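One structure below.
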2 protein chains.
Amino acid sequence: MSADGSRFDPLVVVELTSDTKEEAISWLLSRIRDTQQNGGRPIQLEQLGPGVSAQEKENPNLFLVGATRQRLLSGAEDLGLFKEFHDGSMRGFTCANKHNFKDFQDGDSFLSMAECQYIIKHELDTLRARDETHVPGHQQVKLYPGKSIIRRLLSKGILIQVFPLHQKEELKRLSFSWYQKVKLSFQPLDDIRHYYGEGQALYFGFLEYFTFALVPMALIGVPYYLFDWEDYDKYVLLAAFNLVWCTVILELWKRCSASLAYRWGTLSRKKAFEEPRPGFHGVLGFNPVTGREEPLYPNTKRQLRVYLVSLPFVLLCLYLSLYIMMIYFLMEGWVLSVHDEEPTFWTGILCFIPSVIYAVVIEVMNLIYRYAAEFLTEWENHRLESSYQNHLVLKVLVFNFFNCFASLFYIAFVMHDMVMLRQSLATLLITSQILNQFMEAFLPFWLQRRRNKKMIRKVQIRKTLEDKELPLADQVRLEADMSTYLGTFDDYLELFLLFGYVSLFSCVYPLAAVLVVLNNITEVYSDAFKMCRVFKRPFSDPAANIGVWQLAFEAMSVIAVVTNCSLIGMSPQVKAYFPESDMQLILWTVAVEHGLLAFKFILTFLIPDVPKHIQINLSRLEFESLEALKKKVKPEHFAEDRWRALC
Amino acid sequence: MSADGSRFDPLVVVELTSDTKEEAISWLLSRIRDTQQNGGRPIQLEQLGPGVSAQEKENPNLFLVGATRQRLLSGAEDLGLFKEFHDGSMRGFTCANKHNFKDFQDGDSFLSMAECQYIIKHELDTLRARDETHVPGHQQVKLYPGKSIIRRLLSKGILIQVFPLHQKEELKRLSFSWYQKVKLSFQPLDDIRHYYGEGQALYFGFLEYFTFALVPMALIGVPYYLFDWEDYDKYVLLAAFNLVWCTVILELWKRCSASLAYRWGTLSRKKAFEEPRPGFHGVLGFNPVTGREEPLYPNTKRQLRVYLVSLPFVLLCLYLSLYIMMIYFLMEGWVLSVHDEEPTFWTGILCFIPSVIYAVVIEVMNLIYRYAAEFLTEWENHRLESSYQNHLVLKVLVFNFFNCFASLFYIAFVMHDMVMLRQSLATLLITSQILNQFMEAFLPFWLQRRRNKKMIRKVQIRKTLEDKELPLADQVRLEADMSTYLGTFDDYLELFLLFGYVSLFSCVYPLAAVLVVLNNITEVYSDAFKMCRVFKRPFSDPAANIGVWQLAFEAMSVIAVVTNCSLIGMSPQVKAYFPESDMQLILWTVAVEHGLLAFKFILTFLIPDVPKHIQINLSRLEFESLEALKKKVKPEHFAEDRWRALC
């Protein structure tokens, strides 16, 4: 039962550690329920009862959070959520104007559950300390006026997690239309957005778009492979097509993403003022923007940390990675020479050993580096989650790029061995695909399955429910035990590396596009599966675009121009055109490369980022709000003037 | 006397052709004066009386326009002008809040005269036809509801010009502190902005910034020239410094310009909805953004014109320009061979002839091309003045770049003649500077002087006023006869070409920076002089940055990386490092060039475009307006909910 005695729909679960002091809990609950704010519409809260199979070990401090519809609507207004207006345009929702929004009369379905959960999360995040100096019962958890309580509890480990609940029915429907249907069709992006929010939906939209965009490259690549066209005239054509195509698809994706974001109302939503991230620390002071008391950390200090510690560290890691690569090539050369001298069964096996060692070392390095990068980025003490993410993405991206492609670059531009390049490319691509699919979906699923089975068995023992719905308490505990989805970072990283395999050496291995297309098709299914079955539901994230990844993909397409041009310039068939002078050849290659780069930049300028009709809609909205402002101000100004005239 | 019988300050002059029909004039005047709008505060209007030396020829249809202070203030609010708030931040002016603005109590000086004139211009521009189908008395001048009357009259030639009046006193003060003082000091940018508006002030700010930014390059360049350092190690250092320096100064200018624009309140001012330009035509329809009736012209048609006619035309002109250059080099070679065979006095003179012919042909081509570009851009039928300007700038820019630098490129990269390159560079730079200074300031001044003298003589005959103030009527007629300032286009173009001379071949002719610095110092004086003495006062233009020119300068600095790297790569001293293979040399050159380009782009990312403290101020404003919005909406929403609960 919630505070006001009525039954409510639980939206979000808050889990505190089992050793939280009683007074801290009751203080937190009263602060969350606080009826003084928001015109007497409290957030609803309820402690979760014991599960069917209550045990000693079970954590009693699980709380369900919900809110009345009125509270959610006013939260939607606070957040500036955009909803469809009756004329089909997207507008910021306001309660005063609510009846003019489409589907408002539909009752509870106006706000999707993901939106409601996002609103609750925002309400919890902006729950601020007043005059408390510490959390009651926990002297060490200091507070100061204006500090977000939830974030402090999270950073001190008293709050284990806050997560939104799944909706069994809707999830079943979604997963059926998403990945359980046999027939090949587009993904239900609107439903995905409805259930998981815009950030997730944009990832799946990008995955789908990327797959379709690669189909022409794959189709053109197939005959090259089948008929073994070693003719470099044709390769030049293929490479030129690929380079222009990569630019065009990235530009068109911006338009596509703008369309999606407009339809979902995140394109023109203004971001609310971003809170400091939970781990951010510093001397207490006043934020120059909001005037609120919060920790301040000098920017110069952060920059010093970035440029004097993180940057050298990353460069050192890159050097190390290069060094290990060189050792690998030395070992490989030595093993091959041994095998060539006296080929036996054992030397044959020996041939595989360097590759295996190298692969293992790379994986280990990636893992260690990832931890180091997270530690360093944490230590850089970024104020905003977004800036933390950007720095982390950049660090991990560069290192992964090096690890994946350095050996290929070495083979291509130092060893000049095109046959080996093709073999390595194929091997790397195929193994990484298989490994990824396995690590990403099947392993977590298998682990989850084991956990679930244990739970279900327990339930069966007590109630002999079979395949029927679990009671809420057990369902919540089940979900609390599920793995946490860590965001789209790794998924994008994987796509980024695949894009690298396709674009960087496209003129050497035309089949790469085919492999990536096939991989992406299974990727859609495995990602969908893991989202629906393996992980806790993530909070939705009202993203308007794919952010820093757009930049990363564009950078890759610029590097691809350089590599492809050099590869073609190095090919013997092209060299044959310049029999007397290598210089002429290189100058031509460089000229063509510069031309292509210039063409890319011009193309980027010429293709508008937002489709025309959306631009018109956006400027109409802006125009209308300006006009409304004028009308609103005029009469009162007029009245004031009259009044002044009378005085 | 104005309509309401009180004396007023004339701000703007409207000149109609002398054969305008009486009924058209009286209709226009009544429409401008229209007291129905804006709470009974009309625009004031007065016909200019005959001058002291009234003649038959004199145009009687000159009108002075002014407005009451109230009307100007409400116009400032409509335009969203930013003024300094009492706390020192810049905020959009609103009449309701007017007493919180700094200096508001000062009376008339709150709005500068330039701002008042800009407001009047806006009021005139937005004077729209209601149900008139044509201008009374002029059947051929069609109107439709919502059409801007002034723009239609302008495009049909009935309205000759609308221009703001100079302020004798303030102009005298400004010109004294600007260019008549002997001591070298910074320009009075704030005063320039106060008198001419932000667009002009930004140009002069950029000119000054650019001059100071070149001083380090000039200082480093001098010893190279004096001591004849032909040592290419040093040249490499110089070139590297120059390249990085160019990037840095362009990036820092963005910050500088943001600071200026913030101080002047144009940085965050939202542009009002832009009107179609006067010459824009099309089928009458409804604007999808405003819903107003206005001509529509399909975008695809415009794009077809741009890509199928304008682009080929520009390319053809570039080809022609190259062709003429080749003829020039052929003639030059032939003349030199004649001179070498049998050197006489006449062949010595003959040597100059190709250069002279080429220079004349280039000037003629530039002139013809300029007209063609204007015609084509007009024919492309751009809806907005800004888009018209961008297309025109691009066309003229590319052609001028070609004409200026094609011969230098040819000498450098086809003839490989560094001595000749240096000579040509010096000749071109010095002649273009002298010509420019002459054409730009002294010629118009001399013409103006002659016109003025005639006028003053006439006045003297009738009143024997000597050097005393002219009566208003004569002053206005004098100004109406002054040349019209055509905007900052040509001034920026000149700076752009100078920047090209400095940056493109900086490693060949280090003295270029010195010459450009000297030129810029005189340029400040001649530009200031022509603004104050030669031209009509221009309407102010609330620009927030230098617009498309920033892009043009950045593009130039990218091209400079390519040219400098190639020049250094071609130098014999660098070639000596790679004795056995040209290929190694070129590969290194290309690698260094790519490295520099990448470094430039990274630098562009790393240096924030807006200084930190301005960013903080801007986001504080945004935060405050969001908070205010929340507070404003909350109570009424609460009330509405209560009301709904009661029902």
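Labeling convention for the structure tokens: chains A, B, ... as they appear, residues from 1 per chain, ligands from 1 in order of appearance.
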List every residue of chain A that has an atom at most 6 Å from any atom of chain B, giving for each one its closest atom pair and the distance in Å to one decimal, counting only C-alpha atoms, sorted by chain and then by ascending residue number, as JSON lines.
{"residue": "A:Ala96", "atom": "CA", "partner": "B:His637", "partner_atom": "CA", "distance": 5.5}
{"residue": "A:Val289", "atom": "CA", "partner": "B:Arg620", "partner_atom": "CA", "distance": 4.3}
{"residue": "A:Met583", "atom": "CA", "partner": "B:Met583", "partner_atom": "CA", "distance": 5.9}
{"residue": "A:Ile616", "atom": "CA", "partner": "B:Val289", "partner_atom": "CA", "distance": 6.0}
{"residue": "A:Arg620", "atom": "CA", "partner": "B:Val289", "partner_atom": "CA", "distance": 4.3}
{"residue": "A:His637", "atom": "CA", "partner": "B:Ala96", "partner_atom": "CA", "distance": 5.6}
Write out as a count of residues only the residues lying within 12 Å of Phe163 in chain A, counting only C-alpha atoms and excluding same-chain residues fewer than 2 positions away. 37
Please identify all polymer residues within 12 Å of Val508 in chain A, counting only C-alpha atoms, omitting same-chain residues fewer than 3 positions from it, and present them as a PDB file with C-alpha atoms, in the first residue's frame.
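Once written, selection.pdb looks like this:
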ATOM      1  CA  GLY A 221      31.837  -7.299 -54.039  1.00  0.00           C
ATOM      2  CA  TYR A 224      34.948  -9.873 -57.597  1.00  0.00           C
ATOM      3  CA  TYR A 225      35.290 -12.809 -55.266  1.00  0.00           C
ATOM      4  CA  ASP A 228      38.605 -13.796 -58.997  1.00  0.00           C
ATOM      5  CA  TRP A 229      38.847 -10.420 -60.780  1.00  0.00           C
ATOM      6  CA  GLU A 230      42.439  -9.577 -60.097  1.00  0.00           C
ATOM      7  CA  ASP A 231      42.159  -6.806 -62.642  1.00  0.00           C
ATOM      8  CA  TYR A 232      43.026  -3.616 -60.828  1.00  0.00           C
ATOM      9  CA  LYS A 234      38.013  -2.974 -61.656  1.00  0.00           C
ATOM     10  CA  TYR A 235      39.403  -2.717 -58.134  1.00  0.00           C
ATOM     11  CA  VAL A 236      39.942   0.983 -58.617  1.00  0.00           C
ATOM     12  CA  LEU A 238      35.217  -0.692 -56.611  1.00  0.00           C
ATOM     13  CA  ALA A 239      37.338   1.348 -54.217  1.00  0.00           C
ATOM     14  CA  ASN A 242      33.121   2.396 -51.793  1.00  0.00           C
ATOM     15  CA  LEU A 408      46.864  -4.988 -41.113  1.00  0.00           C
ATOM     16  CA  ALA A 412      49.901  -3.555 -46.139  1.00  0.00           C
ATOM     17  CA  ASP A 417      52.125  -8.352 -48.957  1.00  0.00           C
ATOM     18  CA  MET A 418      48.618  -8.170 -50.439  1.00  0.00           C
ATOM     19  CA  VAL A 419      47.929 -11.896 -50.241  1.00  0.00           C
ATOM     20  CA  MET A 420      48.757 -11.992 -46.565  1.00  0.00           C
ATOM     21  CA  LEU A 421      46.715  -8.848 -46.025  1.00  0.00           C
ATOM     22  CA  ARG A 422      43.684 -10.484 -47.543  1.00  0.00           C
ATOM     23  CA  GLN A 423      44.166 -13.641 -45.453  1.00  0.00           C
ATOM     24  CA  SER A 424      44.666 -11.732 -42.212  1.00  0.00           C
ATOM     25  CA  LEU A 425      41.704  -9.519 -42.906  1.00  0.00           C
ATOM     26  CA  ALA A 426      39.448 -12.500 -43.513  1.00  0.00           C
ATOM     27  CA  TYR A 501      37.176  -3.878 -41.874  1.00  0.00           C
ATOM     28  CA  VAL A 502      34.813  -2.989 -44.708  1.00  0.00           C
ATOM     29  CA  SER A 503      36.077   0.458 -45.580  1.00  0.00           C
ATOM     30  CA  LEU A 504      39.815   0.578 -44.823  1.00  0.00           C
ATOM     31  CA  PHE A 505      40.883  -2.219 -47.145  1.00  0.00           C
ATOM     32  CA  LEU A 511      33.928 -10.013 -49.589  1.00  0.00           C
ATOM     33  CA  ALA A 512      34.211  -8.130 -46.273  1.00  0.00           C
ATOM     34  CA  ALA A 513      30.962  -6.281 -46.941  1.00  0.00           C
ATOM     35  CA  THR A 563      44.463   3.728 -47.082  1.00  0.00           C
ATOM     36  CA  ASN A 564      42.559   2.817 -50.211  1.00  0.00           C
ATOM     37  CA  CYS A 565      44.359   5.379 -52.329  1.00  0.00           C
ATOM     38  CA  SER A 566      47.733   4.153 -51.102  1.00  0.00           C
ATOM     39  CA  LEU A 567      46.802   0.508 -51.647  1.00  0.00           C
ATOM     40  CA  ILE A 568      45.751   1.216 -55.203  1.00  0.00           C
ATOM     41  CA  MET A 570      51.000   0.450 -54.625  1.00  0.00           C
ATOM     42  CA  SER A 571      49.367  -2.184 -56.818  1.00  0.00           C
TER      43      SER A 571
END
Find the residues around Gln140 in chain A up to 12 Å (only C-alpha atoms counted), leave out those fewer than 6 positions away in its own chain, and share them as a JSON list (two decimals) with all heavy atoms, in the first residue's frame.
[["chain", "number", "residue", "atom", "x", "y", "z"],
["A", 133, "THR", "N", 23.15, 17.65, 7.13],
["A", 133, "THR", "CA", 24.60, 17.65, 6.90],
["A", 133, "THR", "C", 25.10, 16.24, 6.57],
["A", 133, "THR", "O", 26.18, 16.06, 6.05],
["A", 133, "THR", "CB", 25.37, 18.17, 8.12],
["A", 133, "THR", "OG1", 24.97, 17.38, 9.25],
["A", 133, "THR", "CG2", 25.05, 19.63, 8.39],
["A", 134, "HIS", "N", 24.29, 15.24, 6.92],
["A", 134, "HIS", "CA", 24.66, 13.86, 6.57],
["A", 134, "HIS", "C", 23.38, 13.03, 6.54],
["A", 134, "HIS", "O", 22.33, 13.47, 7.03],
["A", 134, "HIS", "CB", 25.66, 13.30, 7.58],
["A", 134, "HIS", "CG", 25.13, 13.29, 8.98],
["A", 134, "HIS", "ND1", 24.38, 12.27, 9.49],
["A", 134, "HIS", "CD2", 25.22, 14.22, 9.96],
["A", 134, "HIS", "CE1", 24.03, 12.55, 10.73],
["A", 134, "HIS", "NE2", 24.52, 13.75, 11.04],
["A", 152, "ARG", "N", 24.41, 10.82, -4.08],
["A", 152, "ARG", "CA", 25.32, 10.63, -2.96],
["A", 152, "ARG", "C", 25.21, 9.21, -2.41],
["A", 152, "ARG", "O", 26.22, 8.55, -2.16],
["A", 152, "ARG", "CB", 25.01, 11.68, -1.87],
["A", 152, "ARG", "CG", 25.79, 11.57, -0.58],
["A", 152, "ARG", "CD", 27.28, 11.36, -0.73],
["A", 152, "ARG", "NE", 27.98, 12.24, -1.64],
["A", 152, "ARG", "CZ", 28.69, 13.29, -1.29],
["A", 152, "ARG", "NH1", 28.80, 13.59, -0.02],
["A", 152, "ARG", "NH2", 29.32, 14.02, -2.18],
["A", 153, "LEU", "N", 23.99, 8.71, -2.27],
["A", 153, "LEU", "CA", 23.80, 7.35, -1.76],
["A", 153, "LEU", "C", 24.43, 6.33, -2.71],
["A", 153, "LEU", "O", 25.04, 5.35, -2.28],
["A", 153, "LEU", "CB", 22.31, 7.05, -1.58],
["A", 153, "LEU", "CG", 21.60, 7.82, -0.46],
["A", 153, "LEU", "CD1", 20.11, 7.50, -0.46],
["A", 153, "LEU", "CD2", 22.21, 7.48, 0.91],
["A", 156, "LYS", "N", 28.22, 6.38, -2.43],
["A", 156, "LYS", "CA", 28.71, 5.83, -1.17],
["A", 156, "LYS", "C", 28.33, 4.36, -1.00],
["A", 156, "LYS", "O", 28.59, 3.75, 0.04],
["A", 156, "LYS", "CB", 28.15, 6.63, 0.02],
["A", 156, "LYS", "CG", 28.75, 8.01, 0.12],
["A", 156, "LYS", "CD", 30.21, 7.96, 0.55],
["A", 156, "LYS", "CE", 30.82, 9.34, 0.56],
["A", 156, "LYS", "NZ", 32.23, 9.33, 0.91],
["A", 157, "GLY", "N", 27.62, 3.80, -1.98],
["A", 157, "GLY", "CA", 27.35, 2.37, -1.95],
["A", 157, "GLY", "C", 26.18, 1.97, -1.07],
["A", 157, "GLY", "O", 25.95, 0.79, -0.86],
["A", 158, "ILE", "N", 25.43, 2.92, -0.52],
["A", 158, "ILE", "CA", 24.26, 2.56, 0.28],
["A", 158, "ILE", "C", 23.11, 2.17, -0.64],
["A", 158, "ILE", "O", 22.36, 1.23, -0.38],
["A", 158, "ILE", "CB", 23.85, 3.73, 1.18],
["A", 158, "ILE", "CG1", 24.94, 3.96, 2.22],
["A", 158, "ILE", "CG2", 22.51, 3.45, 1.87],
["A", 158, "ILE", "CD1", 24.68, 5.11, 3.14]]
Interatomic distance between CA of Pro444 in chain A and CA of Val393 in chain A?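 Computing it gives 23.3 Å between the two atoms.
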Closest atom pairs, range 337-411 of chain A residues within 10 Å of range 541-552 of chain A, only C-alpha atoms, as CSV:
residue,atom,partner,partner_atom,distance
A:Ser386,CA,A:Gly547,CA,9.9
A:Gln389,CA,A:Val548,CA,9.3
A:Asn390,CA,A:Val548,CA,6.9
A:Val393,CA,A:Val548,CA,8.1
A:Leu394,CA,A:Val548,CA,8.7
A:Leu397,CA,A:Ala552,CA,8.4
A:Val398,CA,A:Ala552,CA,9.8
